[in-house]
$ cat start32.cif   # mmCIF, C-alpha atoms
data_my_file
loop_
_atom_site.group_PDB
_atom_site.id
_atom_site.type_symbol
_atom_site.label_atom_id
_atom_site.label_comp_id
_atom_site.auth_asym_id
_atom_site.auth_seq_id
_atom_site.Cartn_x
_atom_site.Cartn_y
_atom_site.Cartn_z
ATOM 1 C CA MET A 52 -21.025 -111.988 40.500
ATOM 2 C CA LYS A 53 -22.427 -109.999 43.389
ATOM 3 C CA ARG A 54 -24.343 -106.854 42.556
ATOM 4 C CA ARG A 55 -23.529 -103.563 44.379
ATOM 5 C CA ALA A 56 -26.143 -102.255 46.662
ATOM 6 C CA SER A 57 -28.447 -99.696 45.094
ATOM 7 C CA GLY A 58 -27.413 -96.002 45.690
ATOM 8 C CA THR A 59 -23.750 -96.786 46.363
ATOM 9 C CA ALA A 60 -21.339 -94.597 44.358
ATOM 10 C CA PRO A 61 -18.674 -96.346 42.364
ATOM 11 C CA LEU A 62 -15.233 -96.405 43.904
ATOM 12 C CA MET A 63 -13.773 -94.569 40.901
ATOM 13 C CA PHE A 64 -15.512 -91.267 41.934
ATOM 14 C CA ARG A 65 -14.289 -91.103 45.552
ATOM 15 C CA SER A 66 -10.976 -89.508 44.551
ATOM 16 C CA ASN A 67 -12.819 -86.295 43.518
ATOM 17 C CA PHE A 68 -13.685 -85.369 47.084
ATOM 18 C CA ARG A 69 -11.389 -83.889 49.746
ATOM 19 C CA ASP A 70 -10.544 -86.223 52.497
ATOM 20 C CA ALA A 71 -12.591 -84.931 55.422
ATOM 21 C CA ARG A 72 -10.032 -86.355 57.788
ATOM 22 C CA LYS A 73 -7.344 -83.827 56.697
ATOM 23 C CA PRO A 74 -7.278 -80.660 58.872
ATOM 24 C CA PRO A 75 -7.797 -77.249 57.129
ATOM 25 C CA LEU A 76 -4.802 -75.045 56.370
ATOM 26 C CA GLU A 77 -3.612 -72.926 59.233
ATOM 27 C CA PRO A 78 -4.275 -69.133 58.888
ATOM 28 C CA SER A 79 -0.542 -68.459 58.794
ATOM 29 C CA ARG A 80 -0.198 -70.664 55.716
ATOM 30 C CA ARG A 81 -2.992 -69.005 53.794
ATOM 31 C CA ARG A 82 -1.929 -66.683 51.006
ATOM 32 C CA VAL A 83 -2.637 -63.064 51.820
ATOM 33 C CA VAL A 84 -2.703 -60.576 48.983
ATOM 34 C CA GLN A 85 -2.062 -56.904 49.885
ATOM 35 C CA ARG A 86 -2.653 -54.269 47.246
ATOM 36 C CA GLY A 87 -0.707 -50.942 47.514
ATOM 37 C CA LEU A 88 -1.227 -47.640 45.736
ATOM 38 C CA THR A 89 -0.159 -47.492 42.156
ATOM 39 C CA LEU A 90 2.095 -44.733 40.854
ATOM 40 C CA ILE A 91 -0.897 -43.095 39.175
ATOM 41 C CA GLU A 92 -2.874 -43.050 42.424
ATOM 42 C CA VAL A 93 0.097 -41.616 44.338
ATOM 43 C CA SER A 94 0.470 -38.929 41.687
ATOM 44 C CA ILE A 95 -3.206 -38.001 41.969
ATOM 45 C CA VAL A 96 -2.942 -37.687 45.765
ATOM 46 C CA LEU A 97 0.144 -35.470 45.471
ATOM 47 C CA VAL A 98 -1.554 -33.247 42.892
ATOM 48 C CA ILE A 99 -4.650 -32.818 45.048
ATOM 49 C CA SER A 100 -2.513 -32.063 48.129
ATOM 50 C CA GLY A 101 -0.553 -29.492 46.150
ATOM 51 C CA LEU A 102 -3.726 -27.797 44.946
ATOM 52 C CA ILE A 103 -5.095 -27.600 48.482
ATOM 53 C CA LEU A 104 -1.827 -26.146 49.785
ATOM 54 C CA GLU A 105 -1.711 -23.620 46.936
ATOM 55 C CA THR A 106 -5.294 -22.557 47.673
ATOM 56 C CA VAL A 107 -4.496 -22.007 51.352
ATOM 57 C CA VAL A 108 -1.368 -19.982 50.525
ATOM 58 C CA LYS A 109 -3.216 -17.914 47.941
ATOM 59 C CA GLY A 110 -6.005 -17.264 50.435
ATOM 60 C CA GLN A 111 -3.555 -16.055 53.067
ATOM 61 C CA GLU A 112 -1.852 -13.847 50.489
ATOM 62 C CA LEU A 113 -5.181 -12.306 49.469
ATOM 63 C CA ILE A 114 -6.060 -11.557 53.094
ATOM 64 C CA HIS A 115 -2.612 -10.036 53.673
ATOM 65 C CA ASN A 116 -2.905 -7.808 50.602
ATOM 66 C CA ALA A 117 -6.429 -6.738 51.547
ATOM 67 C CA ARG A 118 -5.287 -5.698 55.038
ATOM 68 C CA VAL A 119 -2.353 -3.745 53.579
ATOM 69 C CA HIS A 120 -4.768 -1.964 51.244
ATOM 70 C CA ASP A 121 -7.144 -1.184 54.124
ATOM 71 C CA ILE A 122 -4.407 0.465 56.216
ATOM 72 C CA MET A 123 -3.094 2.429 53.238
ATOM 73 C CA THR A 124 -6.571 3.619 52.261
ATOM 74 C CA GLN A 125 -7.486 4.737 55.769
ATOM 75 C CA GLN A 126 -4.251 6.670 56.166
ATOM 76 C CA THR A 127 -4.673 8.331 52.763
ATOM 77 C CA GLU A 128 -8.322 9.245 53.304
ATOM 78 C CA SER A 129 -7.587 10.708 56.740
ATOM 79 C CA GLU A 130 -4.723 12.779 55.330
ATOM 80 C CA GLN A 131 -6.841 14.049 52.447
ATOM 81 C CA ALA A 132 -9.644 14.997 54.856
ATOM 82 C CA PHE A 133 -7.179 16.844 57.097
ATOM 83 C CA LEU A 134 -5.716 18.833 54.195
ATOM 84 C CA ALA A 135 -9.128 19.626 52.716
ATOM 85 C CA PHE A 136 -10.369 20.908 56.078
ATOM 86 C CA GLN A 137 -7.262 23.028 56.506
ATOM 87 C CA ASP A 138 -7.653 24.460 53.011
ATOM 88 C CA ARG A 139 -11.299 25.428 53.495
ATOM 89 C CA PHE A 140 -11.260 26.764 57.067
ATOM 90 C CA ARG A 141 -7.648 27.895 57.378
ATOM 91 C CA ALA A 142 -7.420 25.866 60.560
ATOM 92 C CA VAL A 143 -6.815 22.265 61.563
ATOM 93 C CA PRO A 144 -9.652 19.977 62.674
ATOM 94 C CA GLY A 145 -10.050 19.631 66.410
ATOM 95 C CA ASP A 146 -8.242 22.919 66.985
ATOM 96 C CA TYR A 147 -10.737 24.979 64.950
ATOM 97 C CA PRO A 148 -12.000 27.801 67.240
ATOM 98 C CA SER A 149 -15.062 28.667 65.124
ATOM 99 C CA ALA A 150 -16.506 25.183 64.757
ATOM 100 C CA SER A 151 -19.625 26.028 66.796
ATOM 101 C CA THR A 152 -20.408 28.799 64.295
ATOM 102 C CA ASN A 153 -19.396 27.320 60.945
ATOM 103 C CA LEU A 154 -20.001 23.582 61.338
ATOM 104 C CA ASN A 155 -23.290 21.735 61.770
ATOM 105 C CA CYS A 156 -22.945 19.037 64.427
ATOM 106 C CA GLY A 157 -26.654 18.352 64.782
ATOM 107 C CA PRO A 158 -28.839 19.228 67.778
ATOM 108 C CA THR A 159 -25.812 20.061 69.914
ATOM 109 C CA PRO A 160 -23.392 22.762 68.682
ATOM 110 C CA CYS A 161 -19.902 21.673 67.716
ATOM 111 C CA LEU A 162 -17.225 22.049 70.334
ATOM 112 C CA ASP A 163 -14.474 24.559 69.601
ATOM 113 C CA GLY A 164 -10.735 24.015 69.741
ATOM 114 C CA ASN A 165 -8.374 26.544 71.287
ATOM 115 C CA GLY A 166 -7.070 27.816 67.942
ATOM 116 C CA ASN A 167 -3.342 27.570 68.675
ATOM 117 C CA GLY A 168 -2.644 25.704 65.434
ATOM 118 C CA ARG A 169 -1.997 22.301 67.041
ATOM 119 C CA ILE A 170 -4.223 19.273 67.570
ATOM 120 C CA GLU A 171 -3.450 18.495 71.198
ATOM 121 C CA ALA A 172 -4.257 15.403 73.245
ATOM 122 C CA GLY A 173 -5.765 17.072 76.289
ATOM 123 C CA THR A 174 -2.522 18.210 77.878
ATOM 124 C CA GLY A 175 -3.046 19.769 81.290
ATOM 125 C CA GLY A 176 -6.729 18.904 81.380
ATOM 126 C CA ALA A 177 -7.531 20.786 78.166
ATOM 127 C CA ILE A 178 -10.087 19.457 75.695
ATOM 128 C CA HIS A 179 -8.966 16.400 73.726
ATOM 129 C CA GLU A 180 -8.625 17.952 70.312
ATOM 130 C CA ASP A 181 -7.346 14.632 68.963
ATOM 131 C CA ILE A 182 -10.842 13.228 69.554
ATOM 132 C CA LEU A 183 -12.649 16.429 68.577
ATOM 133 C CA ALA A 184 -10.841 16.388 65.204
ATOM 134 C CA TRP A 185 -13.007 13.490 64.023
ATOM 135 C CA GLN A 186 -16.199 15.385 64.839
ATOM 136 C CA HIS A 187 -14.978 18.435 62.910
ATOM 137 C CA LEU A 188 -14.004 16.345 59.881
ATOM 138 C CA SER A 189 -17.290 14.453 59.974
ATOM 139 C CA ALA A 190 -19.422 17.605 60.339
ATOM 140 C CA ALA A 191 -17.547 19.299 57.480
ATOM 141 C CA GLY A 192 -18.310 16.357 55.182
ATOM 142 C CA PHE A 193 -14.701 15.387 54.587
ATOM 143 C CA LEU A 194 -14.893 12.030 56.326
ATOM 144 C CA LYS A 195 -17.197 9.031 56.083
ATOM 145 C CA GLY A 196 -19.044 8.273 59.297
ATOM 146 C CA ASP A 197 -20.729 10.352 61.957
ATOM 147 C CA TYR A 198 -18.412 10.952 64.903
ATOM 148 C CA ARG A 199 -19.599 12.919 67.926
ATOM 149 C CA MET A 200 -17.718 14.250 70.931
ATOM 150 C CA LEU A 201 -20.560 14.832 73.391
ATOM 151 C CA ASN A 202 -18.792 17.245 75.732
ATOM 152 C CA ALA A 203 -15.414 18.738 76.582
ATOM 153 C CA GLY A 204 -14.900 16.158 79.336
ATOM 154 C CA VAL A 205 -14.485 13.215 76.941
ATOM 155 C CA THR A 206 -10.953 11.848 77.278
ATOM 156 C CA THR A 207 -11.097 8.341 75.845
ATOM 157 C CA PRO A 208 -11.640 7.247 72.235
ATOM 158 C CA SER A 209 -14.689 5.093 71.571
ATOM 159 C CA PRO A 210 -16.541 3.846 68.466
ATOM 160 C CA ASP A 211 -18.931 6.825 68.513
ATOM 161 C CA ASN A 212 -16.197 9.477 68.512
ATOM 162 C CA THR A 213 -13.169 7.904 66.813
ATOM 163 C CA PRO A 214 -12.682 5.616 63.786
ATOM 164 C CA ASN A 215 -10.728 2.407 64.144
ATOM 165 C CA SER A 216 -8.656 0.346 61.763
ATOM 166 C CA VAL A 217 -9.551 -3.015 60.301
ATOM 167 C CA TYR A 218 -7.693 -4.560 63.266
ATOM 168 C CA GLY A 219 -9.741 -2.650 65.854
ATOM 169 C CA GLY A 220 -7.173 -0.106 67.067
ATOM 170 C CA TYR A 221 -8.253 3.546 67.281
ATOM 171 C CA VAL A 222 -6.882 5.963 64.689
ATOM 172 C CA GLN A 223 -5.589 9.338 65.897
ATOM 173 C CA ILE A 224 -4.768 12.737 64.406
ATOM 174 C CA VAL A 225 -2.561 14.688 66.790
ATOM 175 C CA PHE A 226 0.435 16.974 67.223
ATOM 176 C CA ASP A 227 3.059 15.058 69.230
ATOM 177 C CA ASN A 228 6.407 13.269 69.100
ATOM 178 C CA ALA A 229 5.097 9.750 69.812
ATOM 179 C CA TRP A 230 6.364 8.235 66.575
ATOM 180 C CA GLY A 231 9.588 6.813 65.159
ATOM 181 C CA TYR A 232 11.410 5.805 68.349
ATOM 182 C CA SER A 233 11.191 6.569 72.061
ATOM 183 C CA THR A 234 13.859 9.302 72.114
ATOM 184 C CA ASN A 235 12.317 11.304 69.276
ATOM 185 C CA ALA A 236 11.997 14.904 70.480
ATOM 186 C CA THR A 237 10.442 16.518 67.392
ATOM 187 C CA PRO A 238 6.647 16.986 67.542
ATOM 188 C CA ARG A 239 4.652 17.012 64.295
ATOM 189 C CA HIS A 240 1.084 16.543 63.187
ATOM 190 C CA ASN A 241 0.600 12.902 62.308
ATOM 191 C CA ILE A 242 -2.081 10.298 61.669
ATOM 192 C CA LYS A 243 -1.657 7.134 63.720
ATOM 193 C CA SER A 244 -2.938 3.789 62.496
ATOM 194 C CA GLY A 245 -3.696 2.570 66.001
ATOM 195 C CA ASN A 246 -2.306 -0.570 67.624
ATOM 196 C CA LEU A 247 -3.039 -4.272 67.025
ATOM 197 C CA VAL A 248 -1.596 -4.249 63.496
ATOM 198 C CA PRO A 249 0.919 -7.017 62.643
ATOM 199 C CA ALA A 250 4.452 -5.828 61.929
ATOM 200 C CA ALA A 251 4.388 -7.629 58.571
ATOM 201 C CA ILE A 252 1.410 -5.530 57.450
ATOM 202 C CA LEU A 253 3.027 -2.241 58.439
ATOM 203 C CA ALA A 254 6.305 -3.277 56.814
ATOM 204 C CA GLU A 255 4.486 -3.899 53.542
ATOM 205 C CA VAL A 256 2.629 -0.577 53.778
ATOM 206 C CA ASP A 257 5.927 1.182 54.468
ATOM 207 C CA ARG A 258 7.556 -0.435 51.429
ATOM 208 C CA LYS A 259 4.666 0.609 49.194
ATOM 209 C CA ILE A 260 4.276 4.243 50.250
ATOM 210 C CA ASP A 261 7.584 5.213 51.866
ATOM 211 C CA ASP A 262 11.137 4.007 52.488
ATOM 212 C CA GLY A 263 10.355 0.725 54.252
ATOM 213 C CA ARG A 264 12.021 1.840 57.500
ATOM 214 C CA PRO A 265 10.084 2.357 60.771
ATOM 215 C CA GLY A 266 12.357 5.123 62.051
ATOM 216 C CA SER A 267 12.593 7.368 58.988
ATOM 217 C CA GLY A 268 10.506 8.833 56.175
ATOM 218 C CA ARG A 269 6.849 9.878 56.391
ATOM 219 C CA PHE A 270 5.493 6.526 57.603
ATOM 220 C CA GLN A 271 7.040 5.484 60.908
ATOM 221 C CA PHE A 272 6.505 3.233 63.919
ATOM 222 C CA SER A 273 4.218 4.507 66.701
ATOM 223 C CA MET A 274 3.466 3.334 70.236
ATOM 224 C CA TYR A 275 -0.001 4.910 70.289
ATOM 225 C CA ALA A 276 -2.658 2.488 71.505
ATOM 226 C CA GLY A 277 -5.770 4.549 72.257
ATOM 227 C CA ALA A 278 -7.472 2.682 75.076
ATOM 228 C CA GLY A 279 -5.472 -0.530 74.575
ATOM 229 C CA THR A 280 -2.020 -1.960 75.261
ATOM 230 C CA ALA A 281 0.832 0.050 73.750
ATOM 231 C CA PRO A 282 3.049 -1.667 71.165
ATOM 232 C CA PRO A 283 6.434 -2.681 72.644
ATOM 233 C CA ILE A 284 9.473 -0.493 72.072
ATOM 234 C CA GLY A 285 11.829 -1.598 69.327
ATOM 235 C CA GLY A 286 14.493 -4.124 70.247
ATOM 236 C CA THR A 287 12.489 -5.638 73.122
ATOM 237 C CA PRO A 288 10.967 -9.149 73.162
ATOM 238 C CA ASN A 289 8.168 -9.290 70.577
ATOM 239 C CA GLY A 290 9.099 -5.770 69.556
ATOM 240 C CA CYS A 291 7.633 -4.352 66.360
ATOM 241 C CA THR A 292 11.068 -3.142 65.258
ATOM 242 C CA ASP A 293 14.491 -4.641 65.778
ATOM 243 C CA ALA A 294 15.887 -1.522 67.467
ATOM 244 C CA ASP A 295 14.725 1.671 69.166
ATOM 245 C CA SER A 296 16.421 3.997 66.718
ATOM 246 C CA ALA A 297 16.130 5.851 63.426
ATOM 247 C CA THR A 298 17.980 3.036 61.642
ATOM 248 C CA ALA A 299 15.666 0.234 62.788
ATOM 249 C CA PHE A 300 13.917 -2.325 60.589
ATOM 250 C CA TRP A 301 10.414 -3.727 60.958
ATOM 251 C CA ASN A 302 10.693 -6.947 62.960
ATOM 252 C CA VAL A 303 8.677 -9.105 60.583
ATOM 253 C CA LEU A 304 10.196 -12.421 61.695
ATOM 254 C CA SER A 305 9.071 -11.912 65.307
ATOM 255 C CA ALA A 306 5.405 -12.247 64.275
ATOM 256 C CA ALA A 307 4.637 -9.187 66.435
ATOM 257 C CA ASP A 308 0.926 -8.425 66.110
ATOM 258 C CA ASN A 309 0.435 -5.416 68.410
ATOM 259 C CA CYS A 310 2.112 -2.709 66.352
ATOM 260 C CA GLY A 311 1.219 0.732 65.089
ATOM 261 C CA ALA A 312 2.496 3.412 62.744
ATOM 262 C CA ALA A 313 2.066 7.103 61.987
ATOM 263 C CA THR A 314 1.912 9.119 58.769
ATOM 264 C CA LEU A 315 3.661 12.458 59.256
ATOM 265 C CA LEU A 316 1.685 15.366 57.812
ATOM 266 C CA TYR A 317 4.140 18.281 57.748
#
$ encode --input "start32.cif" --output "structure tokens"
Amino acid sequence: MKRRASGTAPLMFRSNFRDARKPPLEPSRRRVVQRGLTLIEVSIVLVISGLILETVVKGQELIHNARVHDIMTQQTESEQAFLAFQDRFRAVPGDYPSASTNLNCGPTPCLDGNGNGRIEAGTGGAIHEDILAWQHLSAAGFLKGDYRMLNAGVTTPSPDNTPNSVYGGYVQIVFDNAWGYSTNATPRHNIKSGNLVPAAILAEVDRKIDDGRPGSGRFQFSMYAGAGTAPPIGGTPNGCTDADSATAFWNVLSAADNCGAATLLY
């Protein structure tokens, strides 16, 4: 019997090795396992998304409510200052003819109004009592801030002589008929919020303190803009109200953001 050469594996073990002559499996025939999200993972994602959305909505609601509160507070404080001044001096701020004698405006004496009982907006070249009113209220201690009207030639509101709202529009105290709707012919003393306020904010203020209508009650629409662009008349494209009339509604759905209002004093 012949002996096998040394180092040669027995034939019985060759079946344990892959035949090197066979080609490897094609990529298309390989088994590919794809793992999707489980129901628990999907639920977690939905919960997190819901929490994020709720946080955003709550944040927007908080900002909205804060702005409504700011407008309401400024209107109330201005009205209280006006009434307190009137009670003490038996005159209205800005129109007060004895301001230079009875009020301390610092190094420069206070300017006097003409004493006709109305806060006028410089009609016919007269002094702008609507700007002077803030100096009188400030000097009398009824208003926060230090507002100064440097001379009788000032005709434009600015940060040093007139307060502004949280939206940047200049506030105004004046005797006029620029409130409610364009055909209003009844002048009254009023406190204007200034422009640049969204219609939705004014609508909410109106619902909280008045009748919710921009053409009636004590809180009404106003086109006053100070030194800026006047709010559009009701019923026009991007108008703050849906009509130019006493029966109008605030045009909240239009997303109008250059609006104003006025609180009627008496």
$ resolve_selection --input "start32.cif" --expression "the PyMOL selection byres ((chain A and resi 286-290) around 10)" --output "list in words"
Ala250, Pro282, Pro283, Ile284, Gly285, Cys291, Thr292, Asp293, Ala294, Asp295, Ser296, Ala299, Phe300, Trp301, Asn302, Val303, Leu304, Ser305, Ala306, Ala307, Asp308, Asn309 and Cys310 of chain A
$ resolve_selection --input "start32.cif" --expression "the PyMOL selection byres ((chain A and resi 258-262) around 12)" --output "compact mmCIF listing (two decimals) with C-alpha atoms, keeping the file's coordinate frame"
# COMPACT_ATOMS: atom_id res chain seq x y z
CA ASN A 116 -2.90 -7.81 50.60
CA VAL A 119 -2.35 -3.74 53.58
CA HIS A 120 -4.77 -1.96 51.24
CA ILE A 122 -4.41 0.46 56.22
CA MET A 123 -3.09 2.43 53.24
CA THR A 124 -6.57 3.62 52.26
CA GLN A 126 -4.25 6.67 56.17
CA THR A 127 -4.67 8.33 52.76
CA ALA A 251 4.39 -7.63 58.57
CA ILE A 252 1.41 -5.53 57.45
CA LEU A 253 3.03 -2.24 58.44
CA ALA A 254 6.30 -3.28 56.81
CA GLU A 255 4.49 -3.90 53.54
CA VAL A 256 2.63 -0.58 53.78
CA ASP A 257 5.93 1.18 54.47
CA GLY A 263 10.36 0.72 54.25
CA ARG A 264 12.02 1.84 57.50
CA PRO A 265 10.08 2.36 60.77
CA GLY A 266 12.36 5.12 62.05
CA SER A 267 12.59 7.37 58.99
CA GLY A 268 10.51 8.83 56.18
CA ARG A 269 6.85 9.88 56.39
CA PHE A 270 5.49 6.53 57.60
CA GLN A 271 7.04 5.48 60.91
CA THR A 298 17.98 3.04 61.64
CA ALA A 299 15.67 0.23 62.79
CA PHE A 300 13.92 -2.33 60.59
CA TRP A 301 10.41 -3.73 60.96
CA ALA A 313 2.07 7.10 61.99
CA THR A 314 1.91 9.12 58.77
CA LEU A 315 3.66 12.46 59.26
$ residues_around --input "start32.cif" --residues "Phe133 of chain A" --least-positions-apart "2" --cutoff "10 Å" --atoms "all atoms listed in the file" --output "number ranges by chain"
A: 127-131, 135-138, 142-144, 184-185, 187-188, 193-194, 224, 242, 316
$ atom_distance --input "start32.cif" --atom1 "atom CA of Tyr198 of chain A" --atom2 "atom CA of Thr213 of chain A"
6.4 Å
$ atom_distance --input "start32.cif" --atom1 "atom CA of Phe272 of chain A" --atom2 "atom CA of Asp121 of chain A"
17.4 Å
$ atom_distance --input "start32.cif" --atom1 "atom CA of Gly164 of chain A" --atom2 "atom CA of Ala312 of chain A"
25.5 Å
$ decode --input "start32.cif" --residues "segment 119-148 of chain A" --atoms "C-alpha atoms" --output "PDB file, in the first residue's frame"
ATOM      1  CA  VAL A 119     -52.957  93.952  24.593  1.00  0.00           C
ATOM      2  CA  HIS A 120     -52.102  94.733  28.214  1.00  0.00           C
ATOM      3  CA  ASP A 121     -49.494  97.307  27.155  1.00  0.00           C
ATOM      4  CA  ILE A 122     -51.967  99.222  24.963  1.00  0.00           C
ATOM      5  CA  MET A 123     -54.668  99.110  27.635  1.00  0.00           C
ATOM      6  CA  THR A 124     -52.282 100.288  30.352  1.00  0.00           C
ATOM      7  CA  GLN A 125     -50.927 103.182  28.306  1.00  0.00           C
ATOM      8  CA  GLN A 126     -54.407 104.380  27.407  1.00  0.00           C
ATOM      9  CA  THR A 127     -55.571 104.133  31.026  1.00  0.00           C
ATOM     10  CA  GLU A 128     -52.516 105.881  32.463  1.00  0.00           C
ATOM     11  CA  SER A 129     -52.776 108.710  29.928  1.00  0.00           C
ATOM     12  CA  GLU A 130     -56.468 109.181  30.716  1.00  0.00           C
ATOM     13  CA  GLN A 131     -55.838 109.197  34.459  1.00  0.00           C
ATOM     14  CA  ALA A 132     -53.041 111.757  34.029  1.00  0.00           C
ATOM     15  CA  PHE A 133     -55.303 113.967  31.907  1.00  0.00           C
ATOM     16  CA  LEU A 134     -58.127 113.884  34.464  1.00  0.00           C
ATOM     17  CA  ALA A 135     -55.788 114.461  37.407  1.00  0.00           C
ATOM     18  CA  PHE A 136     -54.244 117.482  35.681  1.00  0.00           C
ATOM     19  CA  GLN A 137     -57.671 118.879  34.885  1.00  0.00           C
ATOM     20  CA  ASP A 138     -58.802 118.387  38.476  1.00  0.00           C
ATOM     21  CA  ARG A 139     -55.787 120.152  39.978  1.00  0.00           C
ATOM     22  CA  PHE A 140     -55.342 123.076  37.571  1.00  0.00           C
ATOM     23  CA  ARG A 141     -58.886 123.484  36.266  1.00  0.00           C
ATOM     24  CA  ALA A 142     -57.475 123.348  32.762  1.00  0.00           C
ATOM     25  CA  VAL A 143     -56.412 120.713  30.257  1.00  0.00           C
ATOM     26  CA  PRO A 144     -52.744 119.903  29.617  1.00  0.00           C
ATOM     27  CA  GLY A 145     -51.247 121.582  26.588  1.00  0.00           C
ATOM     28  CA  ASP A 146     -53.910 124.287  26.674  1.00  0.00           C
ATOM     29  CA  TYR A 147     -53.006 125.469  30.195  1.00  0.00           C
ATOM     30  CA  PRO A 148     -52.301 129.244  29.969  1.00  0.00           C
TER      31      PRO A 148
END
